[in-house]
Every structure is written in C-alpha cells, then in structure tokens.
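Structure record follows, encoded as structure tokens.
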Amino acid sequence: MKNGTLIEAKDVITRFGRHTIHDGVSFSIAKGEIFGLLGGSGSGKTTLLREMILLQKISEGSITILGTNVTTTSFKMAECLRRQWGVLFQFGALFTSLTILENVSIAMKEYTNLPDWLIEKSALMKLSMVGLPPKVATMYPSELSGGMKKRAALARALALDPKLLFLDEPTSGLDPQSARAFDELIVTLRDTLGITVVMVTHDKETIAHVLDRFIILGDKKVLFEGTMASLKETRNEALKNFLS
Amino acid sequence: MKKQPPLLVSQSSEGFNVMVRGKWVKESIQLLQGTFTTLTCKPHASYRFDLSGIETFDTHGIMLLLYHIKKLEKEQCIVHTTGASDTFKTLFSICETHYPHEVPRPKKERMVLSFLENVGRTMVEGYKTLASFFSFTGELSHAISALFFKPANIRLKATLYHIEQSGAGAIPIILLTSFLIGVVIAYQGAAQLEKFGANIFIVEMITISAVRELAPLLTAIVVAGRSASSYTAQIGVMKLTDEIDAMSSMGFSPWNFLVLPRLFALIISLPLLVFFADVVSIFGGMVIASTRLDVSFVEFIDRIKETVALKHLIIGLVKAPIFGCIIATIGCFRGFQITSNTESVGKYTTISVVNAIFWVIAMDAIISVFLTELKL
C-alpha cells in the first residue's frame, strides 16, 4: 500500500447467490481526499459502501482501510476501526426513541470521557454546524422533515470528529441551497480536520465542485477512475454522457 | 524532555499571558480540563492566548477552550488570541459561530401539577382512543356491508392465507394445551369425586366445563397471543413504511386488503379450532378417568350421550366466532394506531394482546351471565 493511501480495494468480487454485483473492482483513496462512488442505479455503489464499513462481506478480493484488511480483521480490530469513522445513511437512520441531542451525543457518551456539559455543548455545536436550529435538539426524529433528519444524521456522524466519513447520497432530499451549504461544510471539514470523505452521490453540483476524484461503476466493474478534468478528456462517449 | 502542561499562565504588566500547547483532542480532554484550574478569572483583566504551541486539535478541544474564553468574556475580560495556524483559525471560527449560547432544557415540572397533568392527559387519551375505536368499528361495519353488495371484493386468497397462518398454524399448541387442561380438570375432579364414590360424574364435569367454557376460552387466549400481536405488528410496520398510504393513494381499500381478510380468517377458523380443542380436552379427561377412576372409554362416551345436552357444545362453538371477531378487531385497530417510531410497534403490540385477552374473558363473562338469565 502506498504511503498516504487510506483505503485500497483490490479485485473486489461480490456475489449474492448467483447474482454478481462486482466483478473485480479496484480503486484507492488517498488521505484528505473527497472521493465519489458514482454509477447508475443498481450498479452496486451502496453495496460497495456497505462493504467498506463492515456491514457486508465481500466474496473475493480485499479491502484495506487505515491499514487494516477488513476481510480478515479480528473482532477487536473491527471495533477499533468502527470508532474511527462516521457514517451517514441515505435516510438518516436516526434512533427513533432518542431525541436529536441524544442521537448526536450517544457516541461521545459511550466512547469518550468528555464531561457531560462539554458533550452537550459539542453536540449542539455540531447541530448548528449542519444548519439545524437549537430547538430541534429536544425533538424526536419523527417530528423532523426528511432533510432535517439527514442533517441531524450528519451531525451524529461527525460527533467523534472521525478521520473518515462515509456518506450515502448526502444531498439527495435537500433543497438546492442547503445542498450547496452541505457541500461547503464537507469541504471545510476536510480542510480543517483533515478528514477523508467517501460518498455515494448523484448530485451533479457536488460531483463537479466537491469531489477530488471519483470512480464510475458500471457493468460490474470500475469504468473510470480519476478527476472531472480527466473525464472530460476521455474518448468514451458513454462515460462523457454519464454526467451531462 | 519534560512534559509541558497544556496551559501555562503568566502575569505581566499588561495582563495575563496564556500559553496553549500540546494535543487538544478528545482523548486528552481530562488532562486539559484539569489545567484550567490554573487560569484564574479576574474581571476586566486582559488575557492574551498564545495558540502557536498547539500540535493537534479537534472540535472537542476547541470547544473546551472556547468555553473558557467565553467565560472570561462574560466577566468583561479582554481576550486576544495569537499565533494560531490557519487551519486552527478556520475551525475555531466555525466553532465560534456555532457555539451554543443557550442550552434548550425541557421545562421543569412540579410534582402536583405534573400529576394532575398526567391524569388529565390519560383521560383525554382514553377518550380519544375510545372515539377512534368507535370510528374504526363504524368504518369496519361499513366495509362489511359494502361487501354484501359486491361480494367479488372479498379477498379470498388473503383470507385463506390468514386462515392458514392464524388457524392451522395454531393447531399444535392448541391441541397440546387443551389436552393438558382436560388432564388437569380430571385429576382435580377425581380427587373430590372419589370421596363420594361418585366416579361416573367425572364425565359431566369434564365434558360440560370443557366444551362450554374452557376449550373456547383457552383457544381464544392462545389465538389472541399469536394473532392479535402479529396483526398489530404487521399493520403497524406497513404504516411506518408508508405502505398503507401507498395503498390508499392507489385506490386499494386497506379494509378490503388488510382488515377484512384477517377478520374473516379468525371468524372462520376459531370455531374449528374450538372443536378440535373440545375433542382433545375430553380425550385428556378420558385418559385420566380410565386410569384413576376406572371409568372406561366406552362408559365415558355412553355417559356423554345420555347426560350431556348438545346445547353446551353449541354454546361453546357459538362463542368462538365472537371471540375471533374481538381478537381480529383489536389486533387491527391497535396496528393502525402505530405511528412514527419503532418503539411504538412494541408498545401497541403488547397493548393489543393484553386488550384482546381481557375482552375475550370479559365477553365470556357477559355471555355466561346472559345465558344463565335465559336459563340455558
């Protein structure tokens, strides 16, 4: 593994029964990069993301994250890995029986010895950072709209200042203005905290302005890996049209 | 190298100089918190924070620093920060703009007031539940009456599916429990009847109590435990995932698709289950009667024919569909009450089973009183 590479996938093969989703997918993500997983519906983007966060097993090949091979890692190492990343699920996946503030602060309560008042302040600061007013803190997820849930879920993903952030369609379901604010927030976080971001996205603006590099999945393989500029130079018309 | 404290305070003529150094991250937060005791707060003084020694930082460390700076500013101190790296400055200013000034707290409640509030809330909620239950049964009877004019709308396949799930699936457990109930009554009865030498009366005792009361009640309770809960959970989860809204928007009536098949399934399958239970509980009694009281199977059956009126069996079988109706209605009603969060699925499933069992027993008592008054 090259120095500065945070995630490396090598010849990943995923099968569900007889159905093959990925057939030899390889890519690598450098530290501090905002990396996109693109591709049409059903091309296995979310599956790939789930494999990276240890929610799903790959059939063959290997994925190495932060120097740990997730296919062969021990239970203890996996636990350790899980604390170093934050995940934003497509529909938020907030805990419905906890208030928003409790949702954001639960990881800090369980995994750090921060004093309670600081946890509360940090959690409220994170909520404000993602653009939620303080009054939502005492509300329950069911009382929020879809977009607000998503922001609250991002605040939860950021709670522990993770090194790695996995986002599954972060801007879908947000209005254009909030989507751009979201993009800005991601870039600022990367610039200040040095986190690495891996996201599945369909948002053209995000792809053009936020992503440093991306892969396009299709046909069970990686069709393209590189930057926006190099995509424009490619001869492959199908790929060019993918984003226009 | 000597480990330097993360906070070094020195006093000069202009005010306090504070050197901030080291790792300002969540892992070292307790150490950092401890060092703030060296920072005394003097109103109207000037503080100069030198941040050039900070090696690493995260939002939690910055929040801690911010909290103490804010505290100083509150005492009208003048606070300057110098020497921070650009990345630190950016994150620091983000944290500062989003620093929570007021922490939202739930209102404090007074004991007496909150007690009264709870009483009031419970009563209003009870009233609302009652009203919505009436509206549910009203809509249900409307849906049933609509079927009379259009019987083609009966979802036969779904009904059969639920008969299989709730009826046929319950057979093993019902057979087992009713057999055991027959055995238990026979044992208890045998001990008493032996004293009087009235062994043969075991037949009436078992047969009447089983077919008239125990078998229907027991079957209904088992079915309430199995099916009321599953109906509530199924419908509730469909509500949570907006499936019911999707159905309504496509013009499919949730009554025809969800409620009526379940209702009809229980109304049809409960009498059949009760009949099974009747037979097996009598058989259980017969086994004990022949071993303990020397009443042979043949004698037992002859005696049933002679002394036990058919009305007992009929009363038991007539009660069954009523119980089925109660169980299905409560199970579906509670399912539709589930909203918003996953916890309410558990809550309403429990309520639905408890309600169903209670109303089965209550209805049984009402019918008993009613029939006794009619001298049946």
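Chain labels A, B, ... are given in the sequence in which chains occur in the structure tokens; within each chain residues are numbered consecutively from 1, and ligands are likewise numbered from 1 in the order shown.
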
Inset, instruction - Quick one: everything within 9 Å of stretch 272-289 of chain B, counting only C-alpha atoms, minus sequence neighbours fewer than 2 positions away in the same chain. Send it as a PyMOL selection string. - result: chain B and resi 167-168+170-171+174-187+190+199-200+202-203+206-207+210-212+214-220+268-270+291-297+300-301+313+316-317+320

Output of the above residues as a compact mmCIF listing (two decimals), in the first residue's frame, restricted to N, CA and C atoms:
```txt
# COMPACT_ATOMS: atom_id res chain seq x y z
N GLY B 167 -55.00 -19.90 11.89
CA GLY B 167 -55.81 -21.04 12.29
C GLY B 167 -54.99 -22.32 12.30
N ALA B 168 -54.59 -22.74 11.11
CA ALA B 168 -53.88 -24.02 11.01
C ALA B 168 -52.58 -23.99 11.79
N ALA B 170 -51.98 -22.60 14.48
CA ALA B 170 -52.17 -22.65 15.94
C ALA B 170 -52.58 -24.03 16.42
N ILE B 171 -52.86 -24.95 15.49
CA ILE B 171 -53.39 -26.26 15.90
C ILE B 171 -52.49 -27.00 16.91
N ILE B 174 -52.64 -25.50 20.40
CA ILE B 174 -53.97 -25.59 20.98
C ILE B 174 -54.28 -27.04 21.40
N LEU B 175 -53.90 -27.99 20.56
CA LEU B 175 -54.12 -29.39 20.92
C LEU B 175 -53.39 -29.73 22.21
N LEU B 176 -52.16 -29.30 22.29
CA LEU B 176 -51.36 -29.62 23.48
C LEU B 176 -51.97 -29.00 24.74
N THR B 177 -52.28 -27.71 24.68
CA THR B 177 -52.79 -27.06 25.89
C THR B 177 -54.15 -27.63 26.27
N SER B 178 -55.02 -27.88 25.29
CA SER B 178 -56.35 -28.36 25.70
C SER B 178 -56.28 -29.79 26.23
N PHE B 179 -55.37 -30.60 25.68
CA PHE B 179 -55.18 -31.94 26.25
C PHE B 179 -54.78 -31.83 27.73
N LEU B 180 -53.84 -30.94 28.00
CA LEU B 180 -53.35 -30.78 29.37
C LEU B 180 -54.46 -30.25 30.28
N ILE B 181 -55.29 -29.34 29.77
CA ILE B 181 -56.39 -28.81 30.58
C ILE B 181 -57.36 -29.94 30.94
N GLY B 182 -57.66 -30.81 29.96
CA GLY B 182 -58.52 -31.96 30.23
C GLY B 182 -57.94 -32.83 31.34
N VAL B 183 -56.63 -33.08 31.25
CA VAL B 183 -55.94 -33.89 32.26
C VAL B 183 -56.05 -33.23 33.64
N VAL B 184 -55.82 -31.92 33.66
CA VAL B 184 -55.81 -31.21 34.94
C VAL B 184 -57.20 -31.25 35.60
N ILE B 185 -58.25 -30.95 34.82
CA ILE B 185 -59.59 -30.99 35.42
C ILE B 185 -59.90 -32.39 35.93
N ALA B 186 -59.54 -33.39 35.13
CA ALA B 186 -59.85 -34.76 35.53
C ALA B 186 -59.14 -35.12 36.83
N TYR B 187 -57.89 -34.74 36.95
CA TYR B 187 -57.15 -35.03 38.19
C TYR B 187 -57.81 -34.38 39.39
N ALA B 190 -61.18 -35.94 40.03
CA ALA B 190 -61.09 -37.32 40.51
C ALA B 190 -60.87 -37.36 42.01
N ASN B 199 -67.80 -41.62 41.05
CA ASN B 199 -66.82 -41.60 39.98
C ASN B 199 -67.39 -41.22 38.62
N ILE B 200 -68.56 -41.72 38.31
CA ILE B 200 -69.10 -41.57 36.96
C ILE B 200 -69.42 -40.12 36.62
N ILE B 202 -67.58 -37.75 36.77
CA ILE B 202 -66.42 -37.11 36.12
C ILE B 202 -66.75 -36.78 34.68
N VAL B 203 -67.63 -37.56 34.08
CA VAL B 203 -67.97 -37.36 32.67
C VAL B 203 -68.61 -35.99 32.46
N ILE B 206 -66.09 -33.03 33.26
CA ILE B 206 -65.11 -32.71 32.22
C ILE B 206 -65.79 -32.18 30.97
N THR B 207 -66.80 -32.90 30.52
CA THR B 207 -67.37 -32.56 29.22
C THR B 207 -68.00 -31.18 29.24
N ALA B 210 -65.41 -28.37 29.80
CA ALA B 210 -64.50 -28.19 28.67
C ALA B 210 -65.22 -27.59 27.47
N VAL B 211 -66.30 -28.20 27.03
CA VAL B 211 -66.88 -27.73 25.77
C VAL B 211 -67.59 -26.39 25.92
N ARG B 212 -68.11 -26.11 27.11
CA ARG B 212 -68.87 -24.87 27.27
C ARG B 212 -67.96 -23.68 27.58
N LEU B 214 -64.05 -23.94 28.99
CA LEU B 214 -62.59 -23.91 28.96
C LEU B 214 -61.98 -23.98 27.56
N ALA B 215 -62.51 -24.87 26.74
CA ALA B 215 -61.91 -25.00 25.41
C ALA B 215 -62.04 -23.71 24.59
N PRO B 216 -63.25 -23.10 24.54
CA PRO B 216 -63.33 -21.84 23.78
C PRO B 216 -62.44 -20.75 24.35
N LEU B 217 -62.42 -20.64 25.67
CA LEU B 217 -61.64 -19.58 26.30
C LEU B 217 -60.14 -19.78 26.04
N LEU B 218 -59.71 -21.02 26.24
CA LEU B 218 -58.29 -21.30 26.08
C LEU B 218 -57.85 -21.08 24.63
N THR B 219 -58.66 -21.56 23.70
CA THR B 219 -58.33 -21.38 22.29
C THR B 219 -58.23 -19.89 21.96
N ALA B 220 -59.23 -19.13 22.46
CA ALA B 220 -59.23 -17.70 22.16
C ALA B 220 -58.00 -17.02 22.73
N ILE B 268 -63.80 -17.56 10.87
CA ILE B 268 -63.97 -18.91 10.32
C ILE B 268 -63.15 -19.93 11.11
N SER B 269 -61.92 -19.58 11.43
CA SER B 269 -61.05 -20.64 11.98
C SER B 269 -61.24 -20.89 13.47
N LEU B 270 -61.71 -19.89 14.22
CA LEU B 270 -61.83 -20.13 15.66
C LEU B 270 -62.81 -21.25 16.02
N THR B 291 -57.69 -44.29 34.00
CA THR B 291 -56.58 -44.77 34.83
C THR B 291 -56.84 -44.56 36.32
N ARG B 292 -57.46 -43.41 36.66
CA ARG B 292 -57.62 -43.10 38.08
C ARG B 292 -58.95 -43.59 38.66
N LEU B 293 -60.02 -43.49 37.83
CA LEU B 293 -61.36 -43.74 38.38
C LEU B 293 -62.04 -45.00 37.82
N ASP B 294 -61.31 -45.74 37.00
CA ASP B 294 -61.86 -46.95 36.38
C ASP B 294 -63.12 -46.68 35.57
N VAL B 295 -63.18 -45.50 34.96
CA VAL B 295 -64.29 -45.26 34.03
C VAL B 295 -63.72 -45.49 32.63
N SER B 296 -64.20 -46.57 31.97
CA SER B 296 -63.58 -46.92 30.70
C SER B 296 -64.02 -45.95 29.62
N PHE B 297 -63.29 -45.97 28.49
CA PHE B 297 -63.61 -45.07 27.37
C PHE B 297 -65.04 -45.26 26.91
N PHE B 300 -67.51 -43.87 29.34
CA PHE B 300 -67.40 -42.42 29.30
C PHE B 300 -68.24 -41.86 28.15
N ILE B 301 -68.06 -42.46 26.97
CA ILE B 301 -68.76 -41.94 25.79
C ILE B 301 -70.26 -42.19 25.88
N LEU B 313 -72.23 -27.87 23.84
CA LEU B 313 -71.30 -27.84 22.72
C LEU B 313 -71.61 -26.65 21.81
N GLY B 316 -70.58 -23.33 23.28
CA GLY B 316 -69.12 -23.16 23.14
C GLY B 316 -68.74 -22.77 21.73
N LEU B 317 -69.35 -23.41 20.74
CA LEU B 317 -68.97 -23.13 19.35
C LEU B 317 -69.50 -21.78 18.87
N ALA B 320 -67.13 -18.96 19.88
CA ALA B 320 -65.83 -18.89 19.20
C ALA B 320 -65.74 -17.77 18.17
```

Legend entry - Residue neighbourhood stretch 251-264 of chain B, 9 Å, only C-alpha atoms, exclusion window fewer than 2 positions, as a count of residues only: 36

Per-residue nearest contacts chain A to chain B, cut-off 9 Å, using only C-alpha atoms, as a tab-separated table:
```
residue	atom	partner	partner_atom	distance
A:Phe95	CA	B:Thr342	CA	8.8
A:Thr96	CA	B:Asn341	CA	5.4
A:Ser97	CA	B:Glu343	CA	6.4
A:Thr112	CA	B:Glu27	CA	7.0
A:Asn113	CA	B:Gln30	CA	7.3
A:Leu114	CA	B:Ile29	CA	6.4
A:Pro115	CA	B:Gln30	CA	8.2
A:Leu118	CA	B:Leu64	CA	7.0
A:Ile119	CA	B:His60	CA	8.2
A:Glu120	CA	B:Val103	CA	8.1
A:Lys121	CA	B:Pro100	CA	6.3
A:Ser122	CA	B:His60	CA	6.4
A:Leu124	CA	B:Pro100	CA	6.0
A:Met125	CA	B:His98	CA	5.3
A:Lys126	CA	B:His98	CA	7.7
A:Leu127	CA	B:His98	CA	8.5
A:Ser128	CA	B:His98	CA	5.4
A:Met129	CA	B:His98	CA	5.9
A:Pro134	CA	B:Pro104	CA	6.9
A:Lys135	CA	B:Pro104	CA	6.7
A:Ala137	CA	B:Pro104	CA	7.2
A:Thr138	CA	B:Pro104	CA	7.2
A:Pro141	CA	B:Asn341	CA	8.3
A:Ser142	CA	B:Ser340	CA	5.4
A:Glu143	CA	B:Ser340	CA	8.3
A:Leu160	CA	B:Lys26	CA	8.3
A:Asp161	CA	B:Asp58	CA	6.7
A:Thr188	CA	B:Leu91	CA	8.1
A:Leu189	CA	B:Leu91	CA	7.9
A:Asp191	CA	B:Thr87	CA	7.1
A:Thr192	CA	B:Thr87	CA	4.9
A:Leu193	CA	B:Asp58	CA	6.8
```

Inset, instruction - Within stretch 53-216 of chain B, find each residue whose DSSP state, derived from the backbone, is helix (DSSP H, G or I), and express the selection as an MDAnalysis selection string. - result: chainID B and resid 59:74 86:97 111:149 151:153 156:196 199:216

Listing only residues of stretch 188-216 of chain A within 12 Å of stretch 70-91 of chain A, what is the closest atom pair and its distance in Å (to one decimal) for each, using only C-alpha atoms, sorted by chain and residue number ascending, as a tab-separated table?
```
residue	atom	partner	partner_atom	distance
A:Ile195	CA	A:Trp85	CA	9.4
A:Thr196	CA	A:Trp85	CA	9.5
A:Val197	CA	A:Gly86	CA	9.6
A:Val198	CA	A:Val87	CA	9.6
A:Met199	CA	A:Leu88	CA	9.3
A:Val200	CA	A:Gln90	CA	9.3
A:Thr201	CA	A:Gln90	CA	10.1
```

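Each of A:Met148, A:Ala153, A:Ile215, A:Ala238 was checked against A:Leu38 using only C-alpha atoms; the smallest atom-to-atom distance is that of A:Ile215.
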
Legend entry - Picked from stretch 71-218 of chain A by DSSP as strand (DSSP E or B), as a PyMOL selection string: chain A and resi 85-89+92+164-168+196-200+213-218

Output N, CA and C atoms for every residue in the selection just made, as a tab-separated table (two decimals), in the first residue's frame.
```tsv
chain	number	residue	atom	x	y	z
A	85	TRP	N	-14.58	6.04	12.13
A	85	TRP	CA	-15.31	6.62	11.01
A	85	TRP	C	-16.72	7.00	11.41
A	86	GLY	N	-17.26	7.91	10.63
A	86	GLY	CA	-18.66	8.29	10.82
A	86	GLY	C	-19.41	7.93	9.55
A	87	VAL	N	-20.66	7.49	9.70
A	87	VAL	CA	-21.43	7.08	8.54
A	87	VAL	C	-22.75	7.84	8.51
A	88	LEU	N	-23.06	8.36	7.33
A	88	LEU	CA	-24.37	8.97	7.14
A	88	LEU	C	-25.16	8.07	6.20
A	89	PHE	N	-26.23	7.49	6.70
A	89	PHE	CA	-27.04	6.61	5.85
A	89	PHE	C	-27.99	7.43	4.99
A	92	GLY	N	-30.84	8.72	6.85
A	92	GLY	CA	-30.54	9.22	8.19
A	92	GLY	C	-30.33	8.13	9.21
A	164	LEU	N	-12.54	9.46	8.98
A	164	LEU	CA	-13.11	9.02	7.72
A	164	LEU	C	-14.61	9.23	7.79
A	165	LEU	N	-15.15	9.73	6.72
A	165	LEU	CA	-16.59	9.98	6.73
A	165	LEU	C	-17.19	9.29	5.51
A	166	PHE	N	-18.16	8.42	5.75
A	166	PHE	CA	-18.85	7.76	4.64
A	166	PHE	C	-20.23	8.38	4.50
A	167	LEU	N	-20.55	8.85	3.32
A	167	LEU	CA	-21.83	9.49	3.11
A	167	LEU	C	-22.58	8.78	1.99
A	168	ASP	N	-23.81	8.38	2.25
A	168	ASP	CA	-24.62	7.74	1.22
A	168	ASP	C	-25.65	8.75	0.74
A	196	THR	N	-11.10	12.39	5.60
A	196	THR	CA	-11.26	11.85	4.26
A	196	THR	C	-12.73	11.51	4.08
A	197	VAL	N	-13.28	11.86	2.94
A	197	VAL	CA	-14.71	11.65	2.74
A	197	VAL	C	-14.93	10.71	1.56
A	198	VAL	N	-15.74	9.70	1.78
A	198	VAL	CA	-16.14	8.81	0.70
A	198	VAL	C	-17.64	8.95	0.55
A	199	MET	N	-18.10	9.33	-0.63
A	199	MET	CA	-19.55	9.48	-0.76
A	199	MET	C	-20.11	8.87	-2.03
A	200	VAL	N	-21.34	8.36	-1.85
A	200	VAL	CA	-22.12	7.94	-3.00
A	200	VAL	C	-22.98	9.14	-3.34
A	213	ARG	N	-11.73	13.23	-6.59
A	213	ARG	CA	-11.61	12.13	-7.54
A	213	ARG	C	-12.84	11.26	-7.39
A	214	PHE	N	-13.10	10.46	-8.39
A	214	PHE	CA	-14.25	9.56	-8.25
A	214	PHE	C	-14.07	8.33	-9.13
A	215	ILE	N	-14.87	7.32	-8.86
A	215	ILE	CA	-14.93	6.19	-9.78
A	215	ILE	C	-16.35	6.09	-10.29
A	216	ILE	N	-16.48	5.61	-11.51
A	216	ILE	CA	-17.81	5.34	-12.04
A	216	ILE	C	-17.94	3.83	-12.16
A	217	LEU	N	-18.94	3.29	-11.46
A	217	LEU	CA	-19.17	1.86	-11.51
A	217	LEU	C	-20.18	1.56	-12.61
A	218	GLY	N	-20.01	0.43	-13.25
A	218	GLY	CA	-20.95	0.02	-14.26
A	218	GLY	C	-20.49	-1.30	-14.81
```
